[in-house]
Amino acid sequence: MEWERLLSLKRQGDGHKRLRSEQDETRLGFEVDYDRIIFSSAFRGLQDKTQVMPLPVTASARKAFVHTRLTHSLEVSVVGRSLGRIAGQQILNKYPSLKEVHGHRFNDFGAIVAAASLAHDIGNPPFGHSGEKAIGAYFESGPGQRYKAELTEKEYQDLLDFEGNANGFKLLTESRQGVPGGLRLSYATLGAFMKYPKESLPKKPTKHIADKKFGFFQSEKTFFEEVAHELGLKRKADNPEIGFHRHPLAYLVEAADDICYTIIDFEDGINLGLISEEYALEYLIKLVKDQINTKKYNQMPYMSDRLSYLRALSINTLISDAIRIFVNNEEAILEGDFDTSLMEKSRFKPQMDDIIQLSVEKVYRSQDVIEKELAGYRIIADLLEIFITALVHHKDNRASNYDRLILQSVPPLGRFKQATLYQLLMGASCFVASLSDTEAVHLHNKMTGRQV
């Protein structure tokens with residue numbers, strides 16, 4: 001892969017080449033991507049989507065704040081921007097023609113990674129990661145399995161393993177009436193966004209990190225291939241279907257996410273009282289023991305200040321290490337030969353694993369989280385059955401008055417009335433995935449007669 005192509009400013013529908021040297025430095029094309037994402041309704045909806053803990057947990061001042069998908073995404077974008085800028089300086093030093101001939105600057109890399117990081121969770125359903133599993137369960141073992149015989153194997157797999165990353169790609173790129181090309185982001189940002197540049201089958205054909213999940217539905221297959229070819233992504237020889245090696249900057253987006261959820265989910269656990277302060281701070285101190293200013297730390301009387309100090313040190317430490325790994329392996333990444341995440345190679349991996357394990361035990365398996373996931377399974381399954389049944393009955397010209405009332409009550413479903421079965425099933429699934437936690441609960445109550 002070549003950096004010149006990987007930094008493409010092209011947007012969906014462009015009839016001409018966008019040159020970096022012709023960009024307005026006051027509003028760089030890659031920065032436009034960030035603006036379009038942050039002002040989109042899909043991004044704003046993340047403010048009411050669960051990161052880990054359901055909201056609110058308690059009314060007390062100390063425990064009122066926990067991260068949502070929106071605050072998490074903002075923080076990941078900040079870390080991603082730093083990773084991109086630092087890596088960009090190193091890449092420009094190594095390949096001076098990128099700057100001297102093509103006009104790229106180090107902040108180009110920061111803007112691309114920041115925008116892709118901002119969008120990295122934009123396709124995730126309500127109720128945390130259990131939302132993806134709940135949609136898949138509806139088609140694997142619930143009423144949705146009755147549609148299997150009418151779909152291709154890949155179409156059905158898209159639904160069985162409903163994937164937030166693929167839904168994110170759909171949200172960012174799908175044309176709607178009057179809105180061709182969706183957000184029309186640069187192909188460089190879309191490339192950095194695609195952590196898993198493959199289709200749903202075959203599942204995990206190799207142990208390469210790019211094959212862990214999938215990154216697009218069959219409905220976006222054609223445009224995905226266009227983006228991959230424009231960027232010059234390297235096709236994976238060990239995948240007989242559509243599969244490519246990652247855009248190198250996708251590794252930095254992934255690292256930003258890994259750094260943030262490791263440290264900040266842990267921080268939420270501390271703030272919620274699920275992890276004791278003394279125990280928790282000891283874990284963070286182990287991570288930053290070589291950087292900590294003990295005198296400064298001991299002068300802080302408040303736990304919140306000590307925690308903030310350790311969080312900042314921890315994130316900075318992991319950023320530096322991620323850059324070290326990326327730069328040392330940049331050529332292997334361009335060749336598609338780097339098969340793990342950056343943080344998997346971190347010298348701090350044992351400390352990160354300890355923190356994640358404690359978060360799993362104390363936070364991810366807490367009673368609040370379990371109850372939220374249980375409720376999510378039921379709510380999502382019920383909504384899918386109500387919406388899909390109404391749409392299928394309409395498609396087959398046997399809609400009851402109840403079906404018609406459902407479709408009138410939820411106007412966004414109307415655009416799937418003339419769709420193929422796959423488009424209908426995917427459209428209903430993506431609509432449910434677009435709901436915030438509160439919207440899903442409210443709609444479920446209304447559809448099941450619990451609220452009038």
# chains A, B, ... in the order shown; residues from 1 in each chain; ligands from 1
call {"tool": "residues_around", "arguments": {"residues": "A:Leu70", "least_positions_apart": "2", "cutoff": "7 Å", "atoms": "only C-alpha atoms", "output": "VMD selection string"}}
result
chain A and resid 46 to 47 68 72 to 74
call {"tool": "residues_around", "arguments": {"residues": "stretch 324-331 of chain A", "least_positions_apart": "6", "cutoff": "10 Å", "atoms": "only C-alpha atoms", "output": "list in words"}}
result
Met1, Leu83, Ile86, Ala87, Gly88, Gln90, Ile91, Pro248, Leu249, Tyr251, Leu252, Ala255, Leu318, Asp337, Phe338, Ser341, Leu342, Met343, Glu344, Lys345, Ser346 and Arg347 of chain A
call {"tool": "residues_around", "arguments": {"residues": "A:Gln145", "least_positions_apart": "3", "cutoff": "12 Å", "atoms": "only C-alpha atoms", "output": "PDB file with N, CA and C atoms, in the first residue's frame"}}
result
ATOM      1  N   ILE A 135     -29.938  -8.567  18.279  1.00  0.00           N
ATOM      2  CA  ILE A 135     -30.423  -8.587  16.894  1.00  0.00           C
ATOM      3  C   ILE A 135     -30.073  -9.920  16.249  1.00  0.00           C
ATOM      4  N   GLY A 136     -28.829 -10.370  16.445  1.00  0.00           N
ATOM      5  CA  GLY A 136     -28.422 -11.660  15.895  1.00  0.00           C
ATOM      6  C   GLY A 136     -29.246 -12.811  16.438  1.00  0.00           C
ATOM      7  N   ALA A 137     -29.556 -12.770  17.743  1.00  0.00           N
ATOM      8  CA  ALA A 137     -30.327 -13.850  18.361  1.00  0.00           C
ATOM      9  C   ALA A 137     -31.738 -13.931  17.780  1.00  0.00           C
ATOM     10  N   TYR A 138     -32.308 -12.802  17.400  1.00  0.00           N
ATOM     11  CA  TYR A 138     -33.649 -12.797  16.810  1.00  0.00           C
ATOM     12  C   TYR A 138     -33.671 -13.624  15.529  1.00  0.00           C
ATOM     13  N   PHE A 139     -32.580 -13.549  14.750  1.00  0.00           N
ATOM     14  CA  PHE A 139     -32.533 -14.282  13.483  1.00  0.00           C
ATOM     15  C   PHE A 139     -31.975 -15.696  13.638  1.00  0.00           C
ATOM     16  N   GLU A 140     -31.176 -15.918  14.650  1.00  0.00           N
ATOM     17  CA  GLU A 140     -30.566 -17.245  14.814  1.00  0.00           C
ATOM     18  C   GLU A 140     -31.489 -18.224  15.522  1.00  0.00           C
ATOM     19  N   SER A 141     -32.123 -17.784  16.614  1.00  0.00           N
ATOM     20  CA  SER A 141     -32.936 -18.704  17.403  1.00  0.00           C
ATOM     21  C   SER A 141     -34.337 -18.169  17.665  1.00  0.00           C
ATOM     22  N   GLY A 142     -34.621 -16.958  17.184  1.00  0.00           N
ATOM     23  CA  GLY A 142     -35.935 -16.365  17.379  1.00  0.00           C
ATOM     24  C   GLY A 142     -36.783 -16.446  16.125  1.00  0.00           C
ATOM     25  N   LYS A 148     -34.607 -17.488   6.715  1.00  0.00           N
ATOM     26  CA  LYS A 148     -33.311 -17.997   6.261  1.00  0.00           C
ATOM     27  C   LYS A 148     -33.358 -18.536   4.836  1.00  0.00           C
ATOM     28  N   ALA A 149     -34.377 -19.329   4.521  1.00  0.00           N
ATOM     29  CA  ALA A 149     -34.451 -19.998   3.211  1.00  0.00           C
ATOM     30  C   ALA A 149     -34.602 -19.018   2.058  1.00  0.00           C
ATOM     31  N   GLU A 150     -35.046 -17.789   2.335  1.00  0.00           N
ATOM     32  CA  GLU A 150     -35.291 -16.811   1.276  1.00  0.00           C
ATOM     33  C   GLU A 150     -34.120 -15.848   1.071  1.00  0.00           C
ATOM     34  N   LEU A 151     -33.043 -16.058   1.810  1.00  0.00           N
ATOM     35  CA  LEU A 151     -31.882 -15.171   1.722  1.00  0.00           C
ATOM     36  C   LEU A 151     -30.664 -15.947   1.236  1.00  0.00           C
ATOM     37  N   TYR A 156     -27.964 -13.712   5.063  1.00  0.00           N
ATOM     38  CA  TYR A 156     -28.414 -14.225   6.359  1.00  0.00           C
ATOM     39  C   TYR A 156     -27.326 -14.052   7.420  1.00  0.00           C
ATOM     40  N   GLN A 157     -26.074 -14.229   7.023  1.00  0.00           N
ATOM     41  CA  GLN A 157     -24.977 -14.073   7.966  1.00  0.00           C
ATOM     42  C   GLN A 157     -24.865 -12.624   8.442  1.00  0.00           C
ATOM     43  N   LEU A 159     -27.197 -10.740   9.143  1.00  0.00           N
ATOM     44  CA  LEU A 159     -28.184 -10.570  10.198  1.00  0.00           C
ATOM     45  C   LEU A 159     -27.826 -11.383  11.440  1.00  0.00           C
ATOM     46  N   LEU A 160     -27.323 -12.601  11.227  1.00  0.00           N
ATOM     47  CA  LEU A 160     -26.930 -13.446  12.362  1.00  0.00           C
ATOM     48  C   LEU A 160     -25.844 -12.788  13.209  1.00  0.00           C
ATOM     49  N   GLU A 385     -39.761  -8.023  15.862  1.00  0.00           N
ATOM     50  CA  GLU A 385     -40.883  -8.864  15.449  1.00  0.00           C
ATOM     51  C   GLU A 385     -42.077  -8.012  15.011  1.00  0.00           C
ATOM     52  N   LEU A 425     -35.442  -6.640   5.938  1.00  0.00           N
ATOM     53  CA  LEU A 425     -34.943  -7.163   7.210  1.00  0.00           C
ATOM     54  C   LEU A 425     -33.774  -6.328   7.728  1.00  0.00           C
TER      55      LEU A 425
END
call {"tool": "closest_residue", "arguments": {"among": "A:Ile292, A:Leu7, A:Ile319, A:Ile122", "to": "A:Leu435", "atoms": "only C-alpha atoms"}}
result
A:Ile122
call {"tool": "residues_around", "arguments": {"residues": "stretch 213-230 of chain A", "least_positions_apart": "6", "cutoff": "8 Å", "atoms": "only C-alpha atoms", "output": "list in words"}}
result
Arg5, Ser8, Lys154, Glu155, Asp158, Glu163, Asn165, Ala166, Asn167, Phe169, Lys170, Glu174, Tyr187, Leu190, Gly191, Met194, Lys195, Tyr196, Pro197, Lys198, Glu199, Ser200, Lys203, Lys204, Phe244 and Gln423 of chain A
call {"tool": "write_last_selection", "arguments": {"atoms": "N, CA and C atoms", "output": "compact mmCIF listing (two decimals), in the first residue's frame"}}
result
# COMPACT_ATOMS: atom_id res chain seq x y z
N ARG A 5 -1.95 7.21 -1.97
CA ARG A 5 -3.31 6.76 -2.24
C ARG A 5 -4.12 6.63 -0.96
N SER A 8 -6.34 9.65 0.36
CA SER A 8 -7.24 10.17 -0.67
C SER A 8 -8.31 11.10 -0.08
N LYS A 154 -24.76 -15.20 2.61
CA LYS A 154 -24.10 -13.99 3.14
C LYS A 154 -25.11 -12.99 3.68
N GLU A 155 -26.25 -12.87 3.03
CA GLU A 155 -27.29 -11.97 3.53
C GLU A 155 -27.76 -12.42 4.91
N ASP A 158 -25.14 -11.67 7.55
CA ASP A 158 -25.14 -10.26 7.96
C ASP A 158 -26.06 -10.04 9.15
N GLU A 163 -23.46 -6.43 12.95
CA GLU A 163 -22.18 -5.85 13.35
C GLU A 163 -22.27 -4.32 13.35
N ASN A 165 -19.91 -2.17 13.38
CA ASN A 165 -18.96 -1.56 12.44
C ASN A 165 -19.54 -1.50 11.04
N ALA A 166 -20.20 -2.57 10.61
CA ALA A 166 -20.82 -2.58 9.28
C ALA A 166 -21.99 -1.61 9.23
N ASN A 167 -22.75 -1.55 10.31
CA ASN A 167 -23.86 -0.60 10.35
C ASN A 167 -23.34 0.84 10.34
N PHE A 169 -20.60 1.86 8.78
CA PHE A 169 -20.24 2.13 7.38
C PHE A 169 -21.49 2.46 6.57
N LYS A 170 -22.58 1.74 6.85
CA LYS A 170 -23.85 1.98 6.15
C LYS A 170 -24.37 3.38 6.47
N GLU A 174 -24.61 5.58 3.16
CA GLU A 174 -25.85 5.22 2.47
C GLU A 174 -26.58 6.45 1.93
N TYR A 187 -12.51 9.36 1.37
CA TYR A 187 -12.22 7.93 1.37
C TYR A 187 -11.13 7.59 2.39
N LEU A 190 -12.95 7.10 5.62
CA LEU A 190 -13.69 5.84 5.58
C LEU A 190 -12.75 4.65 5.71
N GLY A 191 -11.57 4.74 5.08
CA GLY A 191 -10.58 3.66 5.19
C GLY A 191 -10.11 3.49 6.61
N MET A 194 -12.64 1.66 8.79
CA MET A 194 -12.92 0.25 8.53
C MET A 194 -11.88 -0.66 9.20
N LYS A 195 -12.17 -1.05 10.43
CA LYS A 195 -11.24 -1.94 11.14
C LYS A 195 -11.26 -3.36 10.57
N TYR A 196 -12.39 -3.74 9.99
CA TYR A 196 -12.54 -5.11 9.50
C TYR A 196 -13.00 -5.07 8.04
N PRO A 197 -12.09 -4.84 7.10
CA PRO A 197 -12.46 -4.65 5.69
C PRO A 197 -12.75 -5.96 4.96
N LYS A 198 -13.81 -6.62 5.39
CA LYS A 198 -14.22 -7.89 4.79
C LYS A 198 -15.73 -8.03 4.92
N GLU A 199 -16.30 -8.99 4.16
CA GLU A 199 -17.72 -9.28 4.27
C GLU A 199 -17.96 -10.35 5.34
N SER A 200 -19.22 -10.63 5.62
CA SER A 200 -19.54 -11.47 6.78
C SER A 200 -19.10 -12.92 6.65
N LYS A 203 -16.33 -16.55 8.04
CA LYS A 203 -16.10 -16.03 9.39
C LYS A 203 -14.66 -16.34 9.81
N LYS A 204 -13.96 -15.33 10.24
CA LYS A 204 -12.60 -15.47 10.78
C LYS A 204 -11.76 -16.45 9.96
N PHE A 244 -9.82 -7.38 2.54
CA PHE A 244 -8.63 -6.59 2.31
C PHE A 244 -7.86 -6.42 3.61
N GLN A 423 -33.39 -6.30 2.08
CA GLN A 423 -33.37 -4.88 2.38
C GLN A 423 -34.35 -4.54 3.49
call {"tool": "residues_around", "arguments": {"residues": "A:Glu100", "least_positions_apart": "5", "cutoff": "12 Å", "atoms": "only C-alpha atoms", "output": "list in words"}}
result
Arg20, Ser21, Leu92, Asn93, Tyr95 and Arg105 of chain A
call {"tool": "write_last_selection", "arguments": {"atoms": "N, CA and C atoms", "output": "mmCIF file, in the first residue's frame"}}
result
data_model
loop_
_atom_site.group_PDB
_atom_site.id
_atom_site.type_symbol
_atom_site.label_atom_id
_atom_site.label_comp_id
_atom_site.auth_asym_id
_atom_site.auth_seq_id
_atom_site.Cartn_x
_atom_site.Cartn_y
_atom_site.Cartn_z
ATOM 1 N N ARG A 20 -4.372 17.590 -2.493
ATOM 2 C CA ARG A 20 -4.058 18.175 -1.180
ATOM 3 C C ARG A 20 -3.501 19.583 -1.328
ATOM 4 N N SER A 21 -2.730 19.826 -2.346
ATOM 5 C CA SER A 21 -2.102 21.131 -2.539
ATOM 6 C C SER A 21 -3.119 22.231 -2.821
ATOM 7 N N LEU A 92 5.931 11.605 7.539
ATOM 8 C CA LEU A 92 6.424 12.659 6.644
ATOM 9 C C LEU A 92 7.941 12.731 6.646
ATOM 10 N N ASN A 93 8.553 12.466 7.798
ATOM 11 C CA ASN A 93 10.026 12.428 7.854
ATOM 12 C C ASN A 93 10.563 11.271 7.016
ATOM 13 N N TYR A 95 8.897 9.731 4.451
ATOM 14 C CA TYR A 95 8.511 9.886 3.049
ATOM 15 C C TYR A 95 8.332 11.378 2.739
ATOM 16 N N ARG A 105 0.468 17.541 5.487
ATOM 17 C CA ARG A 105 1.007 18.017 6.754
ATOM 18 C C ARG A 105 0.688 16.996 7.835
#
call {"tool": "select_by_dssp", "arguments": {"residues": "stretch 103-236 of chain A", "states": "strand (DSSP E or B)", "output": "list in words"}}
result
Arg176, Val179, Ser186, Lys198 and Arg235 of chain A
